[in-house]
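What follows is run_18.cif (mmCIF, C-alpha atoms and all ligand atoms).
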data_model
loop_
_atom_site.label_atom_id
_atom_site.label_comp_id
_atom_site.auth_asym_id
_atom_site.auth_seq_id
_atom_site.Cartn_x
_atom_site.Cartn_y
_atom_site.Cartn_z
CA LYS A 1 165.19 66.60 116.42
CA GLN A 2 163.58 67.96 113.29
CA ALA A 3 163.28 71.38 114.89
CA ASP A 4 162.31 73.39 111.84
CA ARG A 5 160.17 70.74 110.18
CA LYS A 6 156.40 71.17 110.19
CA LEU A 7 154.00 68.23 110.02
CA ARG A 8 152.09 68.50 106.75
CA VAL A 9 148.55 67.31 107.37
CA ALA A 10 145.84 66.38 104.83
CA PHE A 11 142.26 66.32 106.12
CA CYS A 12 139.95 63.52 104.99
CA GLY A 13 136.24 64.46 105.13
CA LEU A 14 135.80 68.22 105.09
CA GLY A 15 132.92 68.77 107.52
CA SER A 16 132.49 71.20 110.36
CA TYR A 17 134.99 69.59 112.72
CA ALA A 18 137.70 69.41 110.04
CA ARG A 19 137.29 73.16 109.57
CA ARG A 20 137.56 73.81 113.29
CA VAL A 21 140.81 71.84 113.62
CA ALA A 22 142.30 73.27 110.43
CA ASP A 23 141.56 76.83 111.61
CA ALA A 24 143.05 76.10 115.05
CA MET A 25 146.28 74.85 113.44
CA LYS A 26 147.28 78.33 112.31
CA ASP A 27 148.38 78.95 115.91
CA SER A 28 150.39 75.71 116.09
CA PRO A 29 154.09 76.30 115.38
CA ASN A 30 154.83 72.79 114.08
CA CYS A 31 152.06 71.73 111.69
CA ILE A 32 150.26 73.03 108.61
CA VAL A 33 147.20 72.14 106.56
CA ALA A 34 148.79 70.76 103.41
CA GLY A 35 146.10 68.82 101.56
CA ALA A 36 142.63 67.34 101.56
CA ILE A 37 140.58 64.30 100.60
CA SER A 38 136.90 64.95 99.95
CA GLY A 39 133.80 63.73 98.16
CA THR A 40 132.88 67.34 97.38
CA PRO A 41 135.01 69.00 94.64
CA SER A 42 133.93 72.54 95.61
CA LYS A 43 135.26 72.03 99.15
CA LEU A 44 138.63 70.93 97.75
CA GLU A 45 138.85 74.14 95.78
CA GLU A 46 137.82 76.24 98.76
CA TRP A 47 140.29 74.53 101.11
CA ALA A 48 143.21 74.74 98.67
CA LYS A 49 142.62 78.47 98.36
CA LYS A 50 142.02 79.12 102.07
CA TYR A 51 144.99 77.11 103.36
CA ASN A 52 147.19 77.81 100.38
CA PHE A 53 148.05 74.32 99.17
CA SER A 54 148.47 73.03 95.64
CA LYS A 55 145.76 71.22 93.63
CA GLU A 56 148.21 68.32 93.51
CA ASN A 57 147.52 67.80 97.20
CA CYS A 58 143.76 67.38 96.61
CA TYR A 59 142.14 63.95 96.33
CA SER A 60 138.68 62.44 96.00
CA TYR A 61 137.81 59.26 97.91
CA ASP A 62 138.47 57.42 94.62
CA THR A 63 141.93 58.88 94.06
CA PHE A 64 142.86 58.75 97.80
CA ASP A 65 145.31 55.84 97.27
CA ASN A 66 147.51 58.05 95.04
CA ILE A 67 148.51 60.05 98.11
CA LYS A 68 151.25 57.44 98.56
CA ASN A 69 153.14 59.11 95.71
CA ASN A 70 152.94 62.52 97.32
CA PRO A 71 156.08 63.37 99.32
CA ASN A 72 154.52 66.64 100.50
CA ILE A 73 151.97 65.02 102.85
CA ASP A 74 153.14 63.47 106.13
CA ALA A 75 149.86 62.63 107.86
CA VAL A 76 146.15 62.21 107.20
CA TYR A 77 143.63 63.51 109.73
CA VAL A 78 140.46 61.41 109.35
CA THR A 79 137.46 63.65 110.06
CA SER A 80 134.84 61.79 108.05
CA THR A 81 131.69 60.16 109.45
CA ASN A 82 132.27 57.44 112.08
CA ALA A 83 131.74 54.44 109.79
CA LEU A 84 134.36 55.78 107.37
CA HIS A 85 137.12 56.07 109.98
CA HIS A 86 138.13 52.43 109.44
CA PRO A 87 138.37 52.40 105.61
CA HIS A 88 139.98 55.85 105.53
CA THR A 89 142.56 54.96 108.20
CA LEU A 90 143.43 51.76 106.34
CA LYS A 91 143.92 53.70 103.08
CA ALA A 92 146.11 56.33 104.74
CA ALA A 93 148.24 53.70 106.48
CA LYS A 94 148.67 51.71 103.26
CA ALA A 95 149.85 54.91 101.61
CA GLY A 96 152.53 55.18 104.31
CA LYS A 97 151.05 58.26 105.99
CA HIS A 98 150.73 58.77 109.75
CA VAL A 99 147.11 58.83 110.88
CA ILE A 100 145.22 61.04 113.28
CA CYS A 101 141.66 59.74 113.49
CA GLU A 102 138.64 61.32 115.13
CA LYS A 103 136.65 59.71 117.92
CA PRO A 104 135.02 57.23 118.01
CA MET A 105 137.99 55.62 116.25
CA SER A 106 135.67 53.06 114.62
CA VAL A 107 132.21 51.60 115.05
CA THR A 108 133.32 48.13 116.22
CA VAL A 109 136.14 46.62 118.28
CA LYS A 110 137.15 44.46 115.32
CA GLU A 111 137.63 47.52 113.10
CA ALA A 112 139.67 49.27 115.79
CA GLU A 113 141.97 46.24 116.03
CA GLU A 114 142.39 46.20 112.25
CA MET A 115 143.27 49.90 112.24
CA ILE A 116 145.95 49.39 114.90
CA ALA A 117 147.35 46.39 112.99
CA ALA A 118 147.37 48.29 109.66
CA CYS A 119 149.27 51.24 111.13
CA LYS A 120 151.72 48.92 112.86
CA ALA A 121 152.34 47.01 109.61
CA ALA A 122 152.91 50.26 107.72
CA ASN A 123 155.14 51.57 110.51
CA VAL A 124 153.09 54.77 110.88
CA LYS A 125 151.64 56.32 114.02
CA LEU A 126 147.94 56.15 114.85
CA LEU A 127 146.61 58.86 117.18
CA ILE A 128 142.96 59.43 118.13
CA GLY A 129 141.54 62.97 118.38
CA TYR A 130 141.25 62.96 122.18
CA ARG A 131 141.88 66.72 122.43
CA LEU A 132 141.20 66.88 126.20
CA HIS A 133 144.39 65.01 127.02
CA PHE A 134 146.21 68.20 125.94
CA GLU A 135 143.85 70.60 127.75
CA PRO A 136 145.19 72.29 130.94
CA PHE A 137 142.17 71.84 133.31
CA THR A 138 142.01 68.17 132.31
CA ARG A 139 145.80 67.78 132.65
CA GLU A 140 145.54 69.28 136.15
CA LEU A 141 142.91 66.71 137.17
CA ILE A 142 145.17 63.92 135.91
CA ARG A 143 148.17 65.43 137.71
CA MET A 144 146.31 65.82 141.02
CA ARG A 145 144.91 62.31 140.84
CA ALA A 146 148.27 60.76 139.93
CA SER A 147 150.20 62.71 142.59
CA GLY A 148 147.77 61.60 145.31
CA GLU A 149 146.49 65.12 146.06
CA LEU A 150 142.91 63.90 145.73
CA GLY A 151 143.65 60.87 147.92
CA GLN A 152 142.08 57.57 147.05
CA ILE A 153 139.39 58.00 144.39
CA SER A 154 136.08 56.59 145.61
CA PHE A 155 133.47 57.68 143.06
CA VAL A 156 133.21 59.33 139.64
CA ASN A 157 130.21 60.93 137.99
CA ALA A 158 130.65 61.53 134.25
CA THR A 159 127.93 62.87 131.97
CA MET A 160 127.94 64.24 128.44
CA GLY A 161 125.13 64.96 126.03
CA PHE A 162 123.23 67.56 124.04
CA LYS A 163 119.90 68.02 122.30
CA ILE A 164 120.40 66.98 118.69
CA GLY A 165 118.63 68.90 115.91
CA ASP A 166 118.01 67.84 112.29
CA PRO A 167 116.38 64.39 112.32
CA ASN A 168 117.89 63.58 108.90
CA GLN A 169 121.58 63.95 109.80
CA TRP A 170 124.08 61.07 109.58
CA ARG A 171 124.51 61.03 113.39
CA LEU A 172 121.04 59.44 113.64
CA LYS A 173 121.75 56.76 111.00
CA LYS A 174 123.24 53.52 112.28
CA GLU A 175 124.97 52.85 108.96
CA HIS A 176 127.00 56.08 109.20
CA ALA A 177 127.29 56.67 112.96
CA GLY A 178 127.47 53.11 114.30
CA GLY A 179 125.35 54.17 117.27
CA GLY A 180 123.79 57.24 118.82
CA ALA A 181 124.69 59.46 121.76
CA MET A 182 126.95 56.76 123.23
CA MET A 183 129.25 56.57 120.18
CA ASP A 184 129.27 60.31 119.66
CA VAL A 185 129.57 61.83 123.14
CA GLY A 186 129.10 59.04 125.71
CA ILE A 187 132.69 58.17 124.76
CA TYR A 188 133.80 61.37 126.58
CA ALA A 189 132.29 60.10 129.84
CA ILE A 190 134.01 56.73 129.37
CA ASN A 191 137.38 58.30 128.58
CA GLY A 192 136.88 60.82 131.42
CA ALA A 193 136.16 58.12 134.00
CA ARG A 194 139.32 56.35 132.86
CA TYR A 195 141.58 59.42 133.24
CA ALA A 196 139.83 60.39 136.48
CA THR A 197 140.70 57.04 138.06
CA GLY A 198 143.82 56.02 136.16
CA GLU A 199 142.28 52.54 136.06
CA GLU A 200 140.58 50.36 133.46
CA PRO A 201 137.03 49.19 134.18
CA ILE A 202 136.45 45.47 134.75
CA TRP A 203 132.66 45.49 134.35
CA VAL A 204 129.83 47.64 133.03
CA ALA A 205 126.06 47.60 133.46
CA ALA A 206 123.88 49.83 131.29
CA GLN A 207 120.29 50.98 130.89
CA GLU A 208 118.73 52.58 127.79
CA LEU A 209 115.95 55.16 127.88
CA LYS A 210 114.05 56.32 124.81
CA THR A 211 111.34 58.97 124.57
CA ASP A 212 111.26 59.63 120.79
CA PHE A 213 111.00 56.33 118.97
CA GLU A 214 110.71 57.94 115.54
CA LYS A 215 113.76 60.23 115.71
CA PHE A 216 115.84 57.58 117.47
CA LYS A 217 114.56 54.67 115.42
CA GLU A 218 118.07 53.51 114.52
CA VAL A 219 120.32 54.72 117.34
CA ASP A 220 120.38 55.23 121.11
CA GLU A 221 118.93 58.42 122.60
CA THR A 222 119.83 58.27 126.32
CA ILE A 223 121.95 55.68 128.14
CA THR A 224 122.91 55.50 131.80
CA TRP A 225 125.63 53.10 132.89
CA GLN A 226 127.96 52.13 135.68
CA MET A 227 131.57 50.99 135.40
CA GLY A 228 133.42 49.11 138.12
CA PHE A 229 137.18 49.48 138.50
CA PRO A 230 139.70 47.10 140.11
CA SER A 231 140.21 49.28 143.23
CA GLY A 232 136.47 49.17 143.89
CA VAL A 233 135.76 52.68 142.63
CA VAL A 234 132.54 52.99 140.62
CA ALA A 235 131.77 55.50 137.88
CA ASN A 236 128.14 56.45 137.33
CA CYS A 237 127.73 57.82 133.80
CA ALA A 238 125.10 59.01 131.36
CA THR A 239 124.85 60.30 127.82
CA THR A 240 122.00 61.75 125.78
CA TYR A 241 120.92 63.27 122.48
CA ASN A 242 117.82 64.66 124.17
CA PHE A 243 118.81 67.54 126.46
CA ASN A 244 121.51 70.14 127.15
CA ASN A 245 123.61 71.24 130.15
CA PHE A 246 124.96 67.73 130.56
CA ASP A 247 128.72 68.11 130.36
CA ARG A 248 130.30 67.35 133.74
CA LEU A 249 132.99 65.25 135.41
CA TYR A 250 132.98 64.91 139.20
CA VAL A 251 135.75 63.00 140.94
CA ALA A 252 135.43 62.23 144.65
CA GLY A 253 138.65 61.36 146.47
CA ASN A 254 139.11 60.85 150.20
CA LYS A 255 141.34 63.96 150.43
CA ASP A 256 139.63 66.30 147.97
CA TYR A 257 137.26 66.42 145.03
CA TYR A 258 137.76 67.76 141.50
CA GLU A 259 134.80 69.02 139.55
CA LEU A 260 134.98 69.93 135.86
CA TYR A 261 131.91 71.76 134.59
CA PRO A 262 131.91 72.06 131.68
CA ALA A 263 134.23 69.09 131.26
CA PHE A 264 134.18 67.85 127.67
CA GLY A 265 132.99 70.58 125.27
CA TYR A 266 135.24 73.08 123.51
CA GLY A 267 135.35 75.21 126.62
CA PRO A 268 136.46 77.29 128.24
CA LEU A 269 136.43 74.48 130.77
CA LYS A 270 136.05 75.35 134.44
CA ALA A 271 137.19 73.38 137.46
CA LYS A 272 137.09 73.55 141.23
CA THR A 273 138.32 71.55 144.19
CA GLY A 274 137.59 71.89 147.91
CA LYS A 275 140.28 74.60 147.91
CA GLY A 276 138.45 76.76 145.39
CA GLU A 277 138.53 77.51 141.69
CA VAL A 278 141.30 75.88 139.69
CA ASN A 279 143.48 78.36 137.85
CA GLN A 280 144.75 77.21 134.44
CA PRO A 281 145.26 78.90 131.09
CA VAL A 282 142.34 78.89 128.68
CA VAL A 283 143.48 77.47 125.35
CA THR A 284 141.98 76.41 122.04
CA HIS A 285 141.84 72.63 122.50
CA GLN A 286 142.54 71.79 118.88
CA THR A 287 145.63 74.07 118.77
CA VAL A 288 147.32 72.41 121.76
CA GLN A 289 146.22 68.99 120.52
CA MET A 290 147.74 69.49 117.08
CA THR A 291 150.93 70.99 118.49
CA GLY A 292 151.30 67.97 120.78
CA MET A 293 150.41 65.41 118.14
CA ALA A 294 152.73 66.98 115.55
CA ASP A 295 155.55 66.86 118.09
CA CYS A 296 154.75 63.22 118.81
CA ILE A 297 154.85 62.29 115.11
CA LEU A 298 157.85 64.44 114.11
CA ASN A 299 160.03 63.85 117.14
CA ASN A 300 158.69 60.60 118.53
CA THR A 301 157.81 62.25 121.84
CA PRO A 302 155.38 60.35 124.08
CA HIS A 303 151.67 61.00 123.62
CA PRO A 304 149.33 61.50 126.60
CA ASN A 305 147.09 58.43 126.28
CA CYS A 306 145.66 59.16 122.86
CA ASP A 307 146.90 56.39 120.55
CA GLY A 308 144.98 53.61 118.83
CA GLU A 309 145.27 51.32 121.86
CA GLU A 310 143.51 53.97 123.97
CA GLY A 311 140.79 54.30 121.33
CA LEU A 312 140.39 50.52 121.31
CA LYS A 313 139.87 50.47 125.10
CA ASP A 314 136.95 52.89 124.73
CA MET A 315 135.49 50.84 121.85
CA LYS A 316 135.60 47.68 123.99
CA ILE A 317 133.71 49.49 126.75
CA ILE A 318 131.12 50.81 124.27
CA GLU A 319 130.55 47.29 122.94
CA ALA A 320 130.16 45.96 126.47
CA ILE A 321 127.62 48.73 127.23
CA TYR A 322 125.53 47.79 124.17
CA GLN A 323 125.83 44.14 125.18
CA SER A 324 124.57 44.91 128.69
CA ILE A 325 121.59 46.80 127.24
CA ALA A 326 120.81 43.84 124.98
CA ASN A 327 120.86 41.67 128.13
CA ASN A 328 118.45 43.84 130.13
CA GLY A 329 121.17 45.62 132.07
CA ALA A 330 123.13 42.55 133.14
CA LYS A 331 126.70 43.13 134.31
CA VAL A 332 129.17 42.52 131.46
CA MET A 333 132.79 41.76 132.29
CA ILE A 334 135.41 43.51 130.14
P1 LIG A 401 130.10 66.71 109.42
O1 LIG A 401 128.81 66.12 109.00
O2 LIG A 401 130.18 68.18 109.57
O3 LIG A 401 131.26 66.26 108.42
C1 LIG A 401 131.45 64.95 108.01
C2 LIG A 401 132.11 64.95 106.63
O4 LIG A 401 132.33 63.59 106.23
C3 LIG A 401 131.27 65.56 105.52
O5 LIG A 401 131.41 66.95 105.43
C4 LIG A 401 131.79 64.87 104.29
O6 LIG A 401 132.96 65.52 103.82
C5 LIG A 401 132.23 63.50 104.80
N1 LIG A 401 131.30 62.44 104.44
C6 LIG A 401 131.60 61.33 103.73
N2 LIG A 401 130.53 60.55 103.57
C7 LIG A 401 129.49 61.17 104.17
C8 LIG A 401 128.11 60.85 104.33
N3 LIG A 401 127.59 59.72 103.85
N4 LIG A 401 127.33 61.72 105.00
C9 LIG A 401 127.85 62.85 105.50
N5 LIG A 401 129.15 63.19 105.39
C10 LIG A 401 129.97 62.37 104.71
O7 LIG A 401 130.50 65.99 110.79
P2 LIG A 401 131.52 66.50 111.91
O8 LIG A 401 132.58 67.29 111.29
O9 LIG A 401 130.75 67.09 113.01
O10 LIG A 401 132.10 65.10 112.45
C11 LIG A 401 133.10 64.39 111.76
C12 LIG A 401 133.83 63.46 112.73
O11 LIG A 401 134.49 64.23 113.72
C13 LIG A 401 132.92 62.49 113.50
O12 LIG A 401 133.53 61.24 113.59
C14 LIG A 401 132.80 63.11 114.87
O13 LIG A 401 132.61 62.15 115.89
C15 LIG A 401 134.12 63.82 115.03
N6 LIG A 401 134.02 65.02 115.88
C16 LIG A 401 134.90 65.18 116.91
C17 LIG A 401 134.84 66.26 117.74
C18 LIG A 401 135.84 66.44 118.82
O14 LIG A 401 135.68 67.37 119.61
N7 LIG A 401 136.87 65.64 118.89
C19 LIG A 401 133.80 67.28 117.55
C20 LIG A 401 132.95 67.08 116.41
C21 LIG A 401 133.07 65.97 115.62
P3 LIG A 401 133.29 65.69 102.27
O15 LIG A 401 132.14 66.48 101.71
O16 LIG A 401 134.58 66.41 102.27
O17 LIG A 401 133.38 64.31 101.68
#
Before anything else, please render the file you have as structure tokens.
Amino acid sequence: KQADRKLRVAFCGLGSYARRVADAMKDSPNCIVAGAISGTPSKLEEWAKKYNFSKENCYSYDTFDNIKNNPNIDAVYVTSTNALHHPHTLKAAKAGKHVICEKPMSVTVKEAEEMIAACKAANVKLLIGYRLHFEPFTRELIRMRASGELGQISFVNATMGFKIGDPNQWRLKKEHAGGGAMMDVGIYAINGARYATGEEPIWVAAQELKTDFEKFKEVDETITWQMGFPSGVVANCATTYNFNNFDRLYVAGNKDYYELYPAFGYGPLKAKTGKGEVNQPVVTHQTVQMTGMADCILNNTPHPNCDGEEGLKDMKIIEAIYQSIANNGAKVMI
């Protein structure tokens, strides 16, 4: 065990989420911000100063490949726009660096498969930024479901969305985002229904609703969908870019229920069962995530369902949802 080694992480794409994770890492004992890749030179300067790393650990998207010659970077955390996750992951893997990549891992199933293959070929790990798998209220749901304390799961309700602002942002451009609310936050409902049941869906059926055809010219605004699981349990889900207070996971079992509200945001999350409020520590999600992921990469410890294969499963479901919408809501087998 490399007990006193810290994972040295370079961030790729220095936007608001990169900052949040980098700031949260100062409370992680086993990882540090050690470099950056950015299209904005002023951000590189600012980051190098703030996190105290050398200019030699700074790259532009054009010089990114040179990171292979840098022995002081162990992993690249891809926090760029969705459509760049695939090219940036491929570059990092080719350079022999472990990869942590934000959700959605890619914008197509094919890209996700290529990312998994590239990391396998380079013998580096690929983890997806599914921070909730490290979060105590979410871990408790998974524990109670797996131990049978909830009984047999019969129904799941999973919803996640928010009212999006600036109509000119990349999240509303298909070329950069790959899709709308579904790609961005609907993925939380999909992932949540999967950890709430411990099963993989075998079919989906989806319906799209749009109220603002100008703002959501290129991407989806609101989608409702159902997912059927092998045991017969059904998840009823929805996502939106058009309203708030839509961040909830409800799991009905024949012995008890588990309700997370809020369920997917940065928290603090809150949960209750038929026995009352669930008591768990409130943590910074990105701190526990990075501590867990650094341990996984440094010491080869198991990860809680957050590798490339898990990301690929969600991408397959997203593609099936879009396919169902294109077929007027027909059931699509996965
Ligand atoms: P931002 O817009 O704040 O940052 C994206 C960064 O990507 C930019 O700052 C820029 O960095 C880089 N970039 C490269 N090309 C472009 C382009 N054409 N347009 C805009 N930016 C570009 O987005 P977020 O930080 O909110 O999101 C980044 C990723 O993180 C997304 O994939 C998102 O889904 C994910 N995310 C995950 C969350 C989670 O809880 N797990 C929460 C929020 C986001 P630079 O100037 O350095 O090149």
*Using all atoms listed in the file, find each residue with an atom at most 6 Å away from ligand LIG 401 (chain A) and format the answer as a ChimeraX atom specification.*
/A:13-18,38-40,79-82,102-104,129,170,184
_Counting only C-alpha atoms, I want the residues whose atoms come within 12 Å of (151.8, 58.6, 128.5) in the file frame, returned as an NGL selection string._
:A and (133-134 or 139 or 142 or 195 or 198 or 296 or 301-307 or 309-310)
*Counting all atoms listed in the file, the residue of A:Val33, A:Leu172, A:Leu269, A:Ile318 that sits nearest A:Glu218*: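 Looking at the shortest contact to A:Glu218, the residue is A:Leu172.
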_For A:Glu56, the nearest of the candidates A:Ile100, A:Leu44, A:Met160, A:Val107, counting all atoms listed in the file_ = A:Leu44
*Contact residues around stretch 116-118 of chain A with all atoms listed in the file at 12 Å, ignoring same-chain residues under 3 positions, as a PyMOL selection string*: chain A and resi 86-101+105-106+109-113+121-128+307-313
Using C-alpha atoms, can you write the selected residues to a file as a compact mmCIF listing (two decimals), in the coordinates of the input?
# COMPACT_ATOMS: atom_id res chain seq x y z
CA HIS A 86 138.13 52.43 109.44
CA PRO A 87 138.37 52.40 105.61
CA HIS A 88 139.98 55.85 105.53
CA THR A 89 142.56 54.96 108.20
CA LEU A 90 143.43 51.76 106.34
CA LYS A 91 143.92 53.70 103.08
CA ALA A 92 146.11 56.33 104.74
CA ALA A 93 148.24 53.70 106.48
CA LYS A 94 148.67 51.71 103.26
CA ALA A 95 149.85 54.91 101.61
CA GLY A 96 152.53 55.18 104.31
CA LYS A 97 151.05 58.26 105.99
CA HIS A 98 150.73 58.77 109.75
CA VAL A 99 147.11 58.83 110.88
CA ILE A 100 145.22 61.04 113.28
CA CYS A 101 141.66 59.74 113.49
CA MET A 105 137.99 55.62 116.25
CA SER A 106 135.67 53.06 114.62
CA VAL A 109 136.14 46.62 118.28
CA LYS A 110 137.15 44.46 115.32
CA GLU A 111 137.63 47.52 113.10
CA ALA A 112 139.67 49.27 115.79
CA GLU A 113 141.97 46.24 116.03
CA ALA A 121 152.34 47.01 109.61
CA ALA A 122 152.91 50.26 107.72
CA ASN A 123 155.14 51.57 110.51
CA VAL A 124 153.09 54.77 110.88
CA LYS A 125 151.64 56.32 114.02
CA LEU A 126 147.94 56.15 114.85
CA LEU A 127 146.61 58.86 117.18
CA ILE A 128 142.96 59.43 118.13
CA ASP A 307 146.90 56.39 120.55
CA GLY A 308 144.98 53.61 118.83
CA GLU A 309 145.27 51.32 121.86
CA GLU A 310 143.51 53.97 123.97
CA GLY A 311 140.79 54.30 121.33
CA LEU A 312 140.39 50.52 121.31
CA LYS A 313 139.87 50.47 125.10
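Across the structure, atom CA of A:Ala294 and atom CA of A:Cys31 are spaced 6.2 Å apart.
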*Rank nothing, just name the residue among A:Thr291, A:Ser324, A:Gln286, A:Thr222 nearest to A:Ala22, using all atoms listed in the file.*
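The shortest atom-to-atom distance to A:Ala22 comes from A:Gln286.
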*Residues within 8 Å of A:Gly178, only C-alpha atoms, excluding chain neighbours under 5 positions, as a ChimeraX atom specification*: /A:82-83,107-108,173,183,219
*Choose the residue, out of A:Asn242, A:Ser28, A:Asn299, A:Gln226, that has the smallest atom-to-atom separation from A:Thr211; count all atoms listed in the file.*
A:Asn242
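Atom to atom, atom CA of A:Asn30 and atom CA of A:His85 stand 24.7 Å apart.
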*Using all atoms listed in the file: which of A:Leu260, A:Ala205, A:Val278, A:Ala189 has the shortest distance to A:Asp314*: A:Ala189
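Straight-line separation from atom CA of A:Val204 to atom CA of A:Lys255: 26.5 Å.
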*With a distance cut-off of 9 Å and all atoms listed in the file, select the neighbouring residues of A:Phe243, excluding the residue or stretch itself and same-chain residues fewer than 3 positions from it, and output the selection as a PyMOL selection string.*
chain A and resi 161-164+240+246
_Using only C-alpha atoms, can you tell me which of A:Ile202, A:Ile325, A:Ile32, A:Ala252 comes closest to A:Ser231?_
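Smallest distance to A:Ser231 is found for A:Ile202.
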*Test item: which residues lie within 10 Å of (143.5, 65.6, 139.9) counting all atoms listed in the file, as a list in words*: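 Those residues, ordered by chain and then number, are Phe137, Thr138, Arg139, Glu140, Leu141, Ile142, Arg143, Met144, Arg145, Ala146, Ser147, Gly148, Glu149, Leu150, Gly151, Ile153, Tyr195, Ala196, Thr197, Val251, Ala252, Gly253, Asp256, Tyr257, Tyr258, Glu259 and Thr273 of chain A.
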Would you fill the gaps in stretch 305-311 of chain A so it has all heavy atoms, then print it as an mmCIF file, in the coordinates of the input?
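The result, written out as out21.cif:
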data_model
loop_
_atom_site.group_PDB
_atom_site.id
_atom_site.type_symbol
_atom_site.label_atom_id
_atom_site.label_comp_id
_atom_site.auth_asym_id
_atom_site.auth_seq_id
_atom_site.Cartn_x
_atom_site.Cartn_y
_atom_site.Cartn_z
ATOM 1 N N ASN A 305 148.242 59.338 126.344
ATOM 2 C CA ASN A 305 147.090 58.430 126.280
ATOM 3 C C ASN A 305 146.105 58.735 125.160
ATOM 4 O O ASN A 305 144.894 58.830 125.398
ATOM 5 C CB ASN A 305 146.335 58.417 127.619
ATOM 6 C CG ASN A 305 147.180 57.862 128.734
ATOM 7 O OD1 ASN A 305 148.029 57.002 128.512
ATOM 8 N ND2 ASN A 305 146.980 58.362 129.924
ATOM 9 N N CYS A 306 146.598 58.880 123.949
ATOM 10 C CA CYS A 306 145.660 59.160 122.860
ATOM 11 C C CYS A 306 146.014 58.376 121.601
ATOM 12 O O CYS A 306 145.728 58.827 120.497
ATOM 13 C CB CYS A 306 145.608 60.655 122.578
ATOM 14 S SG CYS A 306 147.172 61.330 122.048
ATOM 15 N N ASP A 307 146.596 57.177 121.755
ATOM 16 C CA ASP A 307 146.900 56.390 120.550
ATOM 17 C C ASP A 307 145.775 55.391 120.262
ATOM 18 O O ASP A 307 144.745 55.362 120.942
ATOM 19 C CB ASP A 307 148.271 55.705 120.678
ATOM 20 C CG ASP A 307 148.299 54.675 121.789
ATOM 21 O OD1 ASP A 307 147.264 54.487 122.480
ATOM 22 O OD2 ASP A 307 149.352 54.048 121.973
ATOM 23 N N GLY A 308 145.989 54.578 119.243
ATOM 24 C CA GLY A 308 144.980 53.610 118.830
ATOM 25 C C GLY A 308 144.590 52.642 119.942
ATOM 26 O O GLY A 308 143.423 52.279 120.082
ATOM 27 N N GLU A 309 145.572 52.240 120.756
ATOM 28 C CA GLU A 309 145.270 51.320 121.860
ATOM 29 C C GLU A 309 144.285 51.938 122.848
ATOM 30 O O GLU A 309 143.421 51.263 123.401
ATOM 31 C CB GLU A 309 146.564 50.944 122.620
ATOM 32 C CG GLU A 309 147.666 50.332 121.760
ATOM 33 C CD GLU A 309 147.366 48.902 121.330
ATOM 34 O OE1 GLU A 309 146.450 48.285 121.911
ATOM 35 O OE2 GLU A 309 148.029 48.433 120.380
ATOM 36 N N GLU A 310 144.433 53.245 123.066
ATOM 37 C CA GLU A 310 143.510 53.970 123.970
ATOM 38 C C GLU A 310 142.115 54.028 123.346
ATOM 39 O O GLU A 310 141.104 53.863 124.025
ATOM 40 C CB GLU A 310 144.024 55.376 124.246
ATOM 41 C CG GLU A 310 145.287 55.405 125.078
ATOM 42 C CD GLU A 310 145.057 54.913 126.502
ATOM 43 O OE1 GLU A 310 144.001 55.219 127.083
ATOM 44 O OE2 GLU A 310 145.935 54.207 127.019
ATOM 45 N N GLY A 311 142.072 54.281 122.034
ATOM 46 C CA GLY A 311 140.790 54.300 121.330
ATOM 47 C C GLY A 311 140.111 52.944 121.406
ATOM 48 O O GLY A 311 138.890 52.845 121.611
#
